[in-house]
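Some notes on the structure that comes next.
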Amino acid sequence: MDDATVVYVHGNGNKVRKELLKAQWDTALFGRDMGAASRMAYWAPVRYDTPLPDHRTDPLSGGPPPVREAPDPAEPRTPEEFIEQTLREARRQAGPTPGSRSAPAGEEQLAHWLAKMTYSAETLGRAEAPPPAAAPPDLAEAVPLPLFLRAPVFELLVKRTFEDVYAYFFGGVGEAMREVVRGELAGVGDGPLVVLGHSLGSVIAYEVLREERRDVTLLVSVGCPLGITEVQDVLALPPAVPAGVAAWSNVSDLRDLVALDHWLRPEYGPPGLVTDHLVRNDSDNHHGITEYLRSAPVQQGVRRLFGRVAIDPAE
């Protein structure tokens, strides 16, 4: 039997070049470059003309947020305004839906997800960054949105996440993204196979595996939005463990706004194949891929197939 292989599917936003991105994921998961034993389903060129520079850290994957010198006077003043602005930008990024002059079916569902992300962030902001004891009584009026909601890292996370998800479902690029995953899977031998998707990448990987039977020893989703009703409403097929998947490990942080609903097991049958894990992801947005790849559930699940090359970060 051939050796084990892992196929990665990256998440939202532009990324560094394919070879470097694969090496970064290898290092976080295994502690070294895995060569031909790992493959990156690199769909970023479907949405972005050129990759990020090698030296640039990707804020969506948990890097430092962009620095804002001064508040933008045109920025939204309420959560409702923020939601509408993000929807407009998503439509612009996705472009017109082929053959349609109206809002695409399903947009309302994704708008509800965006609203829940925004209001969850508002709640987290109050919990994580309480106003100072000496704050004046009118602080809530002076700062209509909590710091967490106004922070560049949150705005980037929600806007880019929503734009790419919107483009995947409604912008006519979903098939091209899935074809990238199919191409990487086609090059894998007959040994044990791990498919590991992050964020939107977990949705793309899942839909490919639902379309066509492929024997997968372990499906791993991290920071995954597949538990969200609004996302399930726009999937091509009803929620279910893809045929051929022997086990599915779903890993998330309770503060990860992209995941939001952290429990796949009740909705993705048959019973007994999905295991949900809660971990602590201390990246700036609690969604960073490096922190997820270093978490114990991901490390231990992969180690069973790859042996001691999977290194526990505590060792």
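Chain labels run A, B, ... following the order of the structure tokens; each chain numbers its residues from 1, and ligands are numbered from 1 in the order shown.
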
Need to verify the contact set: stretch 210-213 of chain A, 10 Å, only C-alpha atoms, exclusion of same-chain residues closer than 4 positions in sequence. Can you return it as a PDB file with N, CA and C atoms, in the first residue's frame?
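For reference, result-v4.pdb as written:
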```
ATOM      1  N   ARG A 182     -10.332  18.854  -7.002  1.00  0.00           N
ATOM      2  CA  ARG A 182     -10.386  17.596  -7.754  1.00  0.00           C
ATOM      3  C   ARG A 182      -9.027  17.272  -8.376  1.00  0.00           C
ATOM      4  N   ILE A 204     -15.378  23.892   0.349  1.00  0.00           N
ATOM      5  CA  ILE A 204     -15.035  23.447  -0.996  1.00  0.00           C
ATOM      6  C   ILE A 204     -14.678  21.959  -0.983  1.00  0.00           C
ATOM      7  N   ALA A 205     -13.828  21.560  -0.032  1.00  0.00           N
ATOM      8  CA  ALA A 205     -13.432  20.152   0.065  1.00  0.00           C
ATOM      9  C   ALA A 205     -14.647  19.274   0.305  1.00  0.00           C
ATOM     10  N   TYR A 206     -15.513  19.693   1.223  1.00  0.00           N
ATOM     11  CA  TYR A 206     -16.709  18.915   1.544  1.00  0.00           C
ATOM     12  C   TYR A 206     -17.585  18.723   0.312  1.00  0.00           C
ATOM     13  N   ALA A 236     -25.084  22.430  -2.324  1.00  0.00           N
ATOM     14  CA  ALA A 236     -25.690  21.742  -3.459  1.00  0.00           C
ATOM     15  C   ALA A 236     -26.481  20.517  -3.021  1.00  0.00           C
ATOM     16  N   LEU A 237     -26.041  19.842  -1.964  1.00  0.00           N
ATOM     17  CA  LEU A 237     -26.689  18.626  -1.478  1.00  0.00           C
ATOM     18  C   LEU A 237     -26.952  18.758   0.024  1.00  0.00           C
ATOM     19  N   PRO A 238     -27.940  18.048   0.557  1.00  0.00           N
ATOM     20  CA  PRO A 238     -28.232  18.137   1.993  1.00  0.00           C
ATOM     21  C   PRO A 238     -27.032  17.706   2.834  1.00  0.00           C
ATOM     22  N   PRO A 239     -26.908  18.232   4.056  1.00  0.00           N
ATOM     23  CA  PRO A 239     -25.774  17.875   4.918  1.00  0.00           C
ATOM     24  C   PRO A 239     -25.695  16.381   5.185  1.00  0.00           C
ATOM     25  N   ALA A 240     -24.518  15.810   4.977  1.00  0.00           N
ATOM     26  CA  ALA A 240     -24.261  14.394   5.249  1.00  0.00           C
ATOM     27  C   ALA A 240     -22.761  14.172   5.165  1.00  0.00           C
ATOM     28  N   VAL A 241     -22.258  13.175   5.871  1.00  0.00           N
ATOM     29  CA  VAL A 241     -20.855  12.797   5.725  1.00  0.00           C
ATOM     30  C   VAL A 241     -20.670  12.252   4.316  1.00  0.00           C
ATOM     31  N   PRO A 242     -19.700  12.755   3.558  1.00  0.00           N
ATOM     32  CA  PRO A 242     -19.513  12.264   2.190  1.00  0.00           C
ATOM     33  C   PRO A 242     -19.246  10.760   2.155  1.00  0.00           C
ATOM     34  N   ALA A 243     -19.825  10.088   1.174  1.00  0.00           N
ATOM     35  CA  ALA A 243     -19.579   8.655   1.003  1.00  0.00           C
ATOM     36  C   ALA A 243     -18.083   8.430   0.805  1.00  0.00           C
ATOM     37  N   GLY A 244     -17.549   7.456   1.495  1.00  0.00           N
ATOM     38  CA  GLY A 244     -16.124   7.151   1.391  1.00  0.00           C
ATOM     39  C   GLY A 244     -15.292   7.742   2.505  1.00  0.00           C
ATOM     40  N   VAL A 245     -15.836   8.714   3.250  1.00  0.00           N
ATOM     41  CA  VAL A 245     -15.109   9.320   4.371  1.00  0.00           C
ATOM     42  C   VAL A 245     -15.278   8.427   5.598  1.00  0.00           C
TER      43      VAL A 245
END
```

Against stretch 25-41 of chain A, which residues of stretch 130-241 of chain A fall within 9 Å? For each one I want the closest pair of atoms and the distance in Å (one decimal), counting only C-alpha atoms, rows by chain and increasing residue number, as a tab-separated table.
```
residue	atom	partner	partner_atom	distance
A:Met177	CA	A:Ala41	CA	8.9
A:Val180	CA	A:Ala41	CA	5.8
A:Val181	CA	A:Ala41	CA	5.2
A:Arg182	CA	A:Ala41	CA	8.5
A:Gly183	CA	A:Ala41	CA	7.9
A:Glu184	CA	A:Ala41	CA	5.9
A:Leu185	CA	A:Ala41	CA	8.6
A:Val188	CA	A:Arg39	CA	8.7
A:Gly201	CA	A:Ala41	CA	8.8
```

Deliver the residues from the most recent selection as a file, using N, CA, C and O atoms, as a short mmCIF file (atom, residue, chain, number, x, y, z; two decimals), in the first residue's frame.
```
data_model
loop_
_atom_site.label_atom_id
_atom_site.label_comp_id
_atom_site.auth_asym_id
_atom_site.auth_seq_id
_atom_site.Cartn_x
_atom_site.Cartn_y
_atom_site.Cartn_z
N MET A 177 -13.16 26.66 -8.26
CA MET A 177 -12.53 26.35 -6.98
C MET A 177 -12.57 24.84 -6.72
O MET A 177 -11.57 24.24 -6.29
N VAL A 180 -9.99 22.78 -8.68
CA VAL A 180 -8.64 22.78 -8.11
C VAL A 180 -8.49 21.63 -7.13
O VAL A 180 -7.48 20.91 -7.13
N VAL A 181 -9.50 21.43 -6.29
CA VAL A 181 -9.45 20.34 -5.31
C VAL A 181 -9.47 18.99 -6.02
O VAL A 181 -8.70 18.08 -5.68
N ARG A 182 -10.33 18.85 -7.00
CA ARG A 182 -10.39 17.60 -7.75
C ARG A 182 -9.03 17.27 -8.38
O ARG A 182 -8.59 16.12 -8.39
N GLY A 183 -8.37 18.29 -8.92
CA GLY A 183 -7.07 18.06 -9.55
C GLY A 183 -6.03 17.55 -8.58
O GLY A 183 -5.24 16.66 -8.92
N GLU A 184 -6.00 18.08 -7.36
CA GLU A 184 -5.04 17.61 -6.37
C GLU A 184 -5.38 16.20 -5.92
O GLU A 184 -4.49 15.35 -5.74
N LEU A 185 -6.64 15.90 -5.74
CA LEU A 185 -7.04 14.56 -5.33
C LEU A 185 -6.71 13.53 -6.40
O LEU A 185 -6.37 12.39 -6.10
N VAL A 188 -3.29 11.74 -6.14
CA VAL A 188 -2.97 11.00 -4.91
C VAL A 188 -3.03 9.50 -5.18
O VAL A 188 -3.89 9.02 -5.92
N GLY A 201 -12.23 26.77 2.64
CA GLY A 201 -11.62 25.57 2.09
C GLY A 201 -12.28 24.29 2.57
O GLY A 201 -12.34 23.30 1.83
#
```

Problem set entry | Nearest to A:Asp253, chosen from A:Glu267, A:Ala4, A:Val279, A:Glu230, with only C-alpha atoms counted in the distances |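 Closest candidate: A:Val279.
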
Problem set entry | Two-atom distance - atom CA of A:Leu87, atom CA of A:Arg178 (Å) |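 Going from atom CA of A:Leu87 over to atom CA of A:Arg178, I get 23.7 Å.
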
Exercise. Tell me, which residues of stretch 47-291 of chain A carry DSSP helix (DSSP H, G or I), written as a VMD selection string?
Worked result: chain A and resid 59 to 61 79 to 94 107 to 128 139 to 142 147 to 150 152 to 170 174 to 186 200 to 211 229 to 232 289 to 291

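Of note, atom CA of A:Asp54 and atom CA of A:Phe154 are spaced 23.4 Å apart.
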
For this session: Select, from A:Val258, A:Val7, A:Val231, A:Leu219, the residue with the minimum atom-to-atom distance to A:Val274, counting only C-alpha atoms.
Result: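 Among the listed residues, the smallest separation from A:Val274 belongs to A:Leu219.
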
For this session: Compile the contact shell of stretch 15-19 of chain A as a ChimeraX atom specification: residues with an atom at most 8 Å away, counting only C-alpha atoms, same-chain residues fewer than 6 positions apart removed.
Result: /A:40,42,44,51-54,56,58

Atoms kept (all heavy atoms) for selection, written as a PDB file, in the first residue's frame:
```
ATOM      1  N   MET A  40      -1.204  20.969  -1.847  1.00  0.00           N
ATOM      2  CA  MET A  40      -2.018  22.146  -1.544  1.00  0.00           C
ATOM      3  C   MET A  40      -2.983  22.414  -2.691  1.00  0.00           C
ATOM      4  O   MET A  40      -2.565  22.662  -3.824  1.00  0.00           O
ATOM      5  CB  MET A  40      -1.128  23.380  -1.317  1.00  0.00           C
ATOM      6  CG  MET A  40      -1.886  24.695  -1.143  1.00  0.00           C
ATOM      7  SD  MET A  40      -2.990  24.750   0.303  1.00  0.00           S
ATOM      8  CE  MET A  40      -1.799  24.791   1.655  1.00  0.00           C
ATOM      9  N   TYR A  42      -4.673  24.891  -4.237  1.00  0.00           N
ATOM     10  CA  TYR A  42      -4.411  26.339  -4.200  1.00  0.00           C
ATOM     11  C   TYR A  42      -5.385  27.046  -5.145  1.00  0.00           C
ATOM     12  O   TYR A  42      -5.114  27.221  -6.333  1.00  0.00           O
ATOM     13  CB  TYR A  42      -2.960  26.569  -4.610  1.00  0.00           C
ATOM     14  CG  TYR A  42      -2.456  27.984  -4.521  1.00  0.00           C
ATOM     15  CD1 TYR A  42      -2.229  28.582  -3.285  1.00  0.00           C
ATOM     16  CD2 TYR A  42      -2.169  28.717  -5.678  1.00  0.00           C
ATOM     17  CE1 TYR A  42      -1.734  29.874  -3.194  1.00  0.00           C
ATOM     18  CE2 TYR A  42      -1.671  30.002  -5.594  1.00  0.00           C
ATOM     19  CZ  TYR A  42      -1.458  30.582  -4.356  1.00  0.00           C
ATOM     20  OH  TYR A  42      -0.964  31.862  -4.277  1.00  0.00           O
ATOM     21  N   ALA A  44      -6.564  30.200  -4.732  1.00  0.00           N
ATOM     22  CA  ALA A  44      -6.484  31.667  -4.665  1.00  0.00           C
ATOM     23  C   ALA A  44      -6.456  32.337  -6.041  1.00  0.00           C
ATOM     24  O   ALA A  44      -7.095  33.384  -6.230  1.00  0.00           O
ATOM     25  CB  ALA A  44      -5.271  32.086  -3.839  1.00  0.00           C
ATOM     26  N   PRO A  51      -0.229  36.436  -6.176  1.00  0.00           N
ATOM     27  CA  PRO A  51      -0.157  36.042  -4.764  1.00  0.00           C
ATOM     28  C   PRO A  51       0.407  37.153  -3.890  1.00  0.00           C
ATOM     29  O   PRO A  51       1.000  38.125  -4.381  1.00  0.00           O
ATOM     30  CB  PRO A  51       0.784  34.828  -4.790  1.00  0.00           C
ATOM     31  CG  PRO A  51       1.608  35.016  -6.008  1.00  0.00           C
ATOM     32  CD  PRO A  51       0.742  35.711  -7.016  1.00  0.00           C
ATOM     33  N   LEU A  52       0.216  37.008  -2.597  1.00  0.00           N
ATOM     34  CA  LEU A  52       0.844  37.931  -1.662  1.00  0.00           C
ATOM     35  C   LEU A  52       2.363  37.795  -1.738  1.00  0.00           C
ATOM     36  O   LEU A  52       2.883  36.720  -2.049  1.00  0.00           O
ATOM     37  CB  LEU A  52       0.394  37.616  -0.229  1.00  0.00           C
ATOM     38  CG  LEU A  52      -1.083  37.818   0.114  1.00  0.00           C
ATOM     39  CD1 LEU A  52      -1.341  37.358   1.551  1.00  0.00           C
ATOM     40  CD2 LEU A  52      -1.504  39.254  -0.077  1.00  0.00           C
ATOM     41  N   PRO A  53       3.104  38.860  -1.456  1.00  0.00           N
ATOM     42  CA  PRO A  53       4.570  38.745  -1.393  1.00  0.00           C
ATOM     43  C   PRO A  53       4.994  37.721  -0.348  1.00  0.00           C
ATOM     44  O   PRO A  53       4.305  37.520   0.662  1.00  0.00           O
ATOM     45  CB  PRO A  53       5.014  40.155  -1.000  1.00  0.00           C
ATOM     46  CG  PRO A  53       3.869  41.050  -1.364  1.00  0.00           C
ATOM     47  CD  PRO A  53       2.632  40.230  -1.201  1.00  0.00           C
ATOM     48  N   ASP A  54       6.128  37.067  -0.587  1.00  0.00           N
ATOM     49  CA  ASP A  54       6.588  36.002   0.312  1.00  0.00           C
ATOM     50  C   ASP A  54       6.697  36.453   1.764  1.00  0.00           C
ATOM     51  O   ASP A  54       6.423  35.683   2.684  1.00  0.00           O
ATOM     52  CB  ASP A  54       7.958  35.485  -0.148  1.00  0.00           C
ATOM     53  CG  ASP A  54       7.855  34.630  -1.394  1.00  0.00           C
ATOM     54  OD1 ASP A  54       6.737  34.474  -1.923  1.00  0.00           O
ATOM     55  OD2 ASP A  54       8.904  34.135  -1.846  1.00  0.00           O
ATOM     56  N   ARG A  56       5.018  38.739   3.330  1.00  0.00           N
ATOM     57  CA  ARG A  56       3.831  39.333   3.923  1.00  0.00           C
ATOM     58  C   ARG A  56       3.038  38.295   4.700  1.00  0.00           C
ATOM     59  O   ARG A  56       2.750  37.214   4.202  1.00  0.00           O
ATOM     60  CB  ARG A  56       2.946  39.957   2.849  1.00  0.00           C
ATOM     61  CG  ARG A  56       1.689  40.622   3.423  1.00  0.00           C
ATOM     62  CD  ARG A  56       0.965  41.407   2.366  1.00  0.00           C
ATOM     63  NE  ARG A  56      -0.349  41.828   2.830  1.00  0.00           N
ATOM     64  CZ  ARG A  56      -1.223  42.472   2.082  1.00  0.00           C
ATOM     65  NH1 ARG A  56      -0.917  42.758   0.827  1.00  0.00           N
ATOM     66  NH2 ARG A  56      -2.395  42.818   2.565  1.00  0.00           N
ATOM     67  N   ASP A  58      -0.374  36.896   6.268  1.00  0.00           N
ATOM     68  CA  ASP A  58      -1.780  36.956   5.889  1.00  0.00           C
ATOM     69  C   ASP A  58      -2.640  37.245   7.113  1.00  0.00           C
ATOM     70  O   ASP A  58      -2.776  36.388   7.989  1.00  0.00           O
ATOM     71  CB  ASP A  58      -2.174  35.625   5.246  1.00  0.00           C
ATOM     72  CG  ASP A  58      -3.641  35.553   4.879  1.00  0.00           C
ATOM     73  OD1 ASP A  58      -4.312  36.595   4.949  1.00  0.00           O
ATOM     74  OD2 ASP A  58      -4.106  34.461   4.542  1.00  0.00           O
TER      75      ASP A  58
END
```

For this session: Could you give me, as a PyMOL selection string, the residues within 9 Å of A:Met117, counting only C-alpha atoms and dropping anything in the same chain fewer than 6 positions from it?
Result: chain A and resi 158+257-258+260

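Here atom CA of A:Arg91 and atom CA of A:Gly174 stand 14.9 Å from one another.
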
Problem set entry | Residue with smallest distance to A:Gly269 - pool A:Glu89, A:Ala246, A:Val234, A:His10, counting only C-alpha atoms |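 Closest to A:Gly269, using only C-alpha atoms: A:Ala246.
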
Out of stretch 111-278 of chain A, which residues get strand (DSSP E or B) from DSSP, as a tab-separated table (two decimals) with all heavy atoms, in the first residue's frame?
```tsv
chain	number	residue	atom	x	y	z
A	193	LEU	N	-5.50	8.60	3.08
A	193	LEU	CA	-5.65	9.98	2.60
A	193	LEU	C	-6.30	10.83	3.68
A	193	LEU	O	-7.35	10.47	4.23
A	193	LEU	CB	-6.52	10.00	1.34
A	193	LEU	CG	-6.94	11.38	0.82
A	193	LEU	CD1	-5.73	12.23	0.43
A	193	LEU	CD2	-7.89	11.23	-0.38
A	194	VAL	N	-5.67	11.98	3.96
A	194	VAL	CA	-6.25	13.01	4.82
A	194	VAL	C	-6.60	14.20	3.94
A	194	VAL	O	-5.78	14.64	3.13
A	194	VAL	CB	-5.26	13.46	5.92
A	194	VAL	CG1	-5.87	14.57	6.75
A	194	VAL	CG2	-4.85	12.28	6.79
A	195	VAL	N	-7.80	14.71	4.06
A	195	VAL	CA	-8.19	15.97	3.41
A	195	VAL	C	-8.43	16.97	4.52
A	195	VAL	O	-9.25	16.72	5.42
A	195	VAL	CB	-9.44	15.80	2.54
A	195	VAL	CG1	-9.86	17.14	1.95
A	195	VAL	CG2	-9.19	14.78	1.42
A	196	LEU	N	-7.70	18.08	4.49
A	196	LEU	CA	-7.74	19.06	5.57
A	196	LEU	C	-8.10	20.43	4.99
A	196	LEU	O	-7.35	21.00	4.22
A	196	LEU	CB	-6.38	19.11	6.29
A	196	LEU	CG	-6.31	19.80	7.65
A	196	LEU	CD1	-5.06	19.36	8.40
A	196	LEU	CD2	-6.31	21.32	7.54
A	197	GLY	N	-9.29	20.93	5.37
A	197	GLY	CA	-9.76	22.21	4.86
A	197	GLY	C	-9.91	23.24	5.96
A	197	GLY	O	-10.37	22.92	7.07
A	198	HIS	N	-9.55	24.47	5.64
A	198	HIS	CA	-9.66	25.59	6.58
A	198	HIS	C	-10.70	26.58	6.06
A	198	HIS	O	-10.67	26.96	4.89
A	198	HIS	CB	-8.30	26.29	6.72
A	198	HIS	CG	-8.32	27.51	7.59
A	198	HIS	ND1	-7.69	28.68	7.23
A	198	HIS	CD2	-8.86	27.75	8.82
A	198	HIS	CE1	-7.84	29.58	8.19
A	198	HIS	NE2	-8.56	29.04	9.16
A	216	VAL	N	-11.54	8.45	1.78
A	216	VAL	CA	-10.79	9.39	2.61
A	216	VAL	C	-10.70	8.81	4.01
A	216	VAL	O	-11.73	8.57	4.65
A	216	VAL	CB	-11.47	10.77	2.63
A	216	VAL	CG1	-10.74	11.71	3.59
A	216	VAL	CG2	-11.53	11.37	1.23
A	218	LEU	N	-9.40	10.25	6.69
A	218	LEU	CA	-9.72	11.26	7.69
A	218	LEU	C	-9.98	12.60	6.99
A	218	LEU	O	-9.11	13.10	6.26
A	218	LEU	CB	-8.58	11.41	8.69
A	218	LEU	CG	-8.76	12.49	9.77
A	218	LEU	CD1	-9.96	12.16	10.67
A	218	LEU	CD2	-7.49	12.64	10.61
A	219	LEU	N	-11.15	13.14	7.21
A	219	LEU	CA	-11.48	14.50	6.79
A	219	LEU	C	-11.33	15.40	8.01
A	219	LEU	O	-11.91	15.12	9.07
A	219	LEU	CB	-12.91	14.56	6.25
A	219	LEU	CG	-13.47	15.94	5.90
A	219	LEU	CD1	-12.65	16.63	4.82
A	219	LEU	CD2	-14.95	15.82	5.47
A	220	VAL	N	-10.56	16.48	7.87
A	220	VAL	CA	-10.35	17.42	8.97
A	220	VAL	C	-10.84	18.80	8.52
A	220	VAL	O	-10.41	19.31	7.48
A	220	VAL	CB	-8.87	17.52	9.38
A	220	VAL	CG1	-8.70	18.48	10.56
A	220	VAL	CG2	-8.31	16.14	9.74
A	221	SER	N	-11.74	19.39	9.28
A	221	SER	CA	-12.20	20.75	9.01
A	221	SER	C	-11.83	21.62	10.20
A	221	SER	O	-12.05	21.24	11.36
A	221	SER	CB	-13.71	20.79	8.77
A	221	SER	OG	-14.42	20.17	9.82
A	222	VAL	N	-11.24	22.78	9.93
A	222	VAL	CA	-10.85	23.70	11.00
A	222	VAL	C	-11.40	25.09	10.67
A	222	VAL	O	-11.37	25.52	9.52
A	222	VAL	CB	-9.31	23.76	11.19
A	222	VAL	CG1	-8.77	22.41	11.65
A	222	VAL	CG2	-8.59	24.20	9.92
A	245	VAL	N	-15.84	8.71	3.25
A	245	VAL	CA	-15.11	9.32	4.37
A	245	VAL	C	-15.28	8.43	5.60
A	245	VAL	O	-16.39	8.22	6.09
A	245	VAL	CB	-15.61	10.74	4.66
A	245	VAL	CG1	-15.02	11.28	5.96
A	245	VAL	CG2	-15.27	11.67	3.50
A	248	TRP	N	-14.45	11.95	10.38
A	248	TRP	CA	-14.42	13.41	10.17
A	248	TRP	C	-14.15	14.07	11.51
A	248	TRP	O	-14.89	13.89	12.47
A	248	TRP	CB	-15.74	13.86	9.58
A	248	TRP	CG	-15.84	15.32	9.23
A	248	TRP	CD1	-14.98	16.33	9.54
A	248	TRP	CD2	-16.92	15.93	8.49
A	248	TRP	NE1	-15.43	17.52	9.04
A	248	TRP	CE2	-16.61	17.31	8.39
A	248	TRP	CE3	-18.08	15.44	7.91
A	248	TRP	CZ2	-17.47	18.20	7.72
A	248	TRP	CZ3	-18.92	16.33	7.25
A	248	TRP	CH2	-18.62	17.69	7.16
A	249	SER	N	-13.08	14.85	11.58
A	249	SER	CA	-12.71	15.59	12.78
A	249	SER	C	-12.92	17.08	12.52
A	249	SER	O	-12.29	17.65	11.63
A	249	SER	CB	-11.25	15.31	13.15
A	249	SER	OG	-10.86	16.04	14.30
A	250	ASN	N	-13.80	17.71	13.30
A	250	ASN	CA	-14.12	19.12	13.13
A	250	ASN	C	-13.59	19.91	14.32
A	250	ASN	O	-13.94	19.61	15.47
A	250	ASN	CB	-15.64	19.31	13.01
A	250	ASN	CG	-16.02	20.77	12.86
A	250	ASN	OD1	-15.57	21.45	11.95
A	250	ASN	ND2	-16.88	21.25	13.76
A	251	VAL	N	-12.74	20.89	14.07
A	251	VAL	CA	-12.01	21.58	15.13
A	251	VAL	C	-12.29	23.08	15.04
A	251	VAL	O	-12.18	23.68	13.96
A	251	VAL	CB	-10.49	21.32	15.00
A	251	VAL	CG1	-9.72	22.04	16.11
A	251	VAL	CG2	-10.20	19.82	15.01
A	252	SER	N	-12.65	23.69	16.18
A	252	SER	CA	-12.93	25.12	16.17
A	252	SER	C	-12.70	25.73	17.54
A	252	SER	O	-12.65	25.03	18.55
A	252	SER	CB	-14.38	25.39	15.72
A	252	SER	OG	-15.30	24.82	16.63
A	274	VAL	N	-18.55	11.74	12.79
A	274	VAL	CA	-18.07	13.10	13.03
A	274	VAL	C	-17.74	13.28	14.51
A	274	VAL	O	-18.52	12.90	15.38
A	274	VAL	CB	-19.12	14.15	12.62
A	274	VAL	CG1	-18.61	15.56	12.91
A	274	VAL	CG2	-19.47	14.02	11.14
A	275	THR	N	-16.57	13.86	14.77
A	275	THR	CA	-16.19	14.23	16.14
A	275	THR	C	-15.89	15.72	16.16
A	275	THR	O	-15.05	16.19	15.39
A	275	THR	CB	-14.96	13.45	16.62
A	275	THR	OG1	-15.20	12.05	16.50
A	275	THR	CG2	-14.64	13.78	18.06
A	276	ASP	N	-16.58	16.47	17.01
A	276	ASP	CA	-16.35	17.91	17.15
A	276	ASP	C	-15.39	18.16	18.30
A	276	ASP	O	-15.55	17.61	19.39
A	276	ASP	CB	-17.67	18.63	17.42
A	276	ASP	CG	-18.65	18.52	16.27
A	276	ASP	OD1	-18.28	18.90	15.15
A	276	ASP	OD2	-19.79	18.05	16.49
A	277	HIS	N	-14.39	19.00	18.05
A	277	HIS	CA	-13.39	19.35	19.07
A	277	HIS	C	-13.37	20.86	19.26
A	277	HIS	O	-13.32	21.61	18.28
A	277	HIS	CB	-11.99	18.90	18.65
A	277	HIS	CG	-11.85	17.45	18.36
A	277	HIS	ND1	-11.56	16.52	19.33
A	277	HIS	CD2	-11.95	16.76	17.19
A	277	HIS	CE1	-11.49	15.31	18.78
A	277	HIS	NE2	-11.72	15.44	17.48
A	278	LEU	N	-13.37	21.31	20.50
A	278	LEU	CA	-13.15	22.72	20.81
A	278	LEU	C	-11.71	22.89	21.26
A	278	LEU	O	-11.22	22.15	22.11
A	278	LEU	CB	-14.10	23.18	21.91
A	278	LEU	CG	-15.59	23.24	21.55
A	278	LEU	CD1	-16.40	23.71	22.76
A	278	LEU	CD2	-15.84	24.16	20.36
```

Exercise. With only C-alpha atoms as the basis for distance, which of A:Glu122, A:Glu107, A:Glu155, A:Glu175 is at the shortest distance from A:Gln85?
Worked result: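 The shortest atom-to-atom distance to A:Gln85 comes from A:Glu155.
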
Exercise. Smallest atom-to-atom distance to A:Gly191: which of A:Thr217, A:Gln24, A:Gln300, A:Gln93, using only C-alpha atoms?
Worked result: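 Checking each of A:Thr217, A:Gln24, A:Gln300, A:Gln93 against A:Gly191, counting only C-alpha atoms, the winner is A:Thr217.
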
Exercise. For A:Leu200, which residue out of A:Leu264, A:Ala259, A:Leu156, A:Ala127 is the nearest one, using only C-alpha atoms?
Worked result: A:Ala259
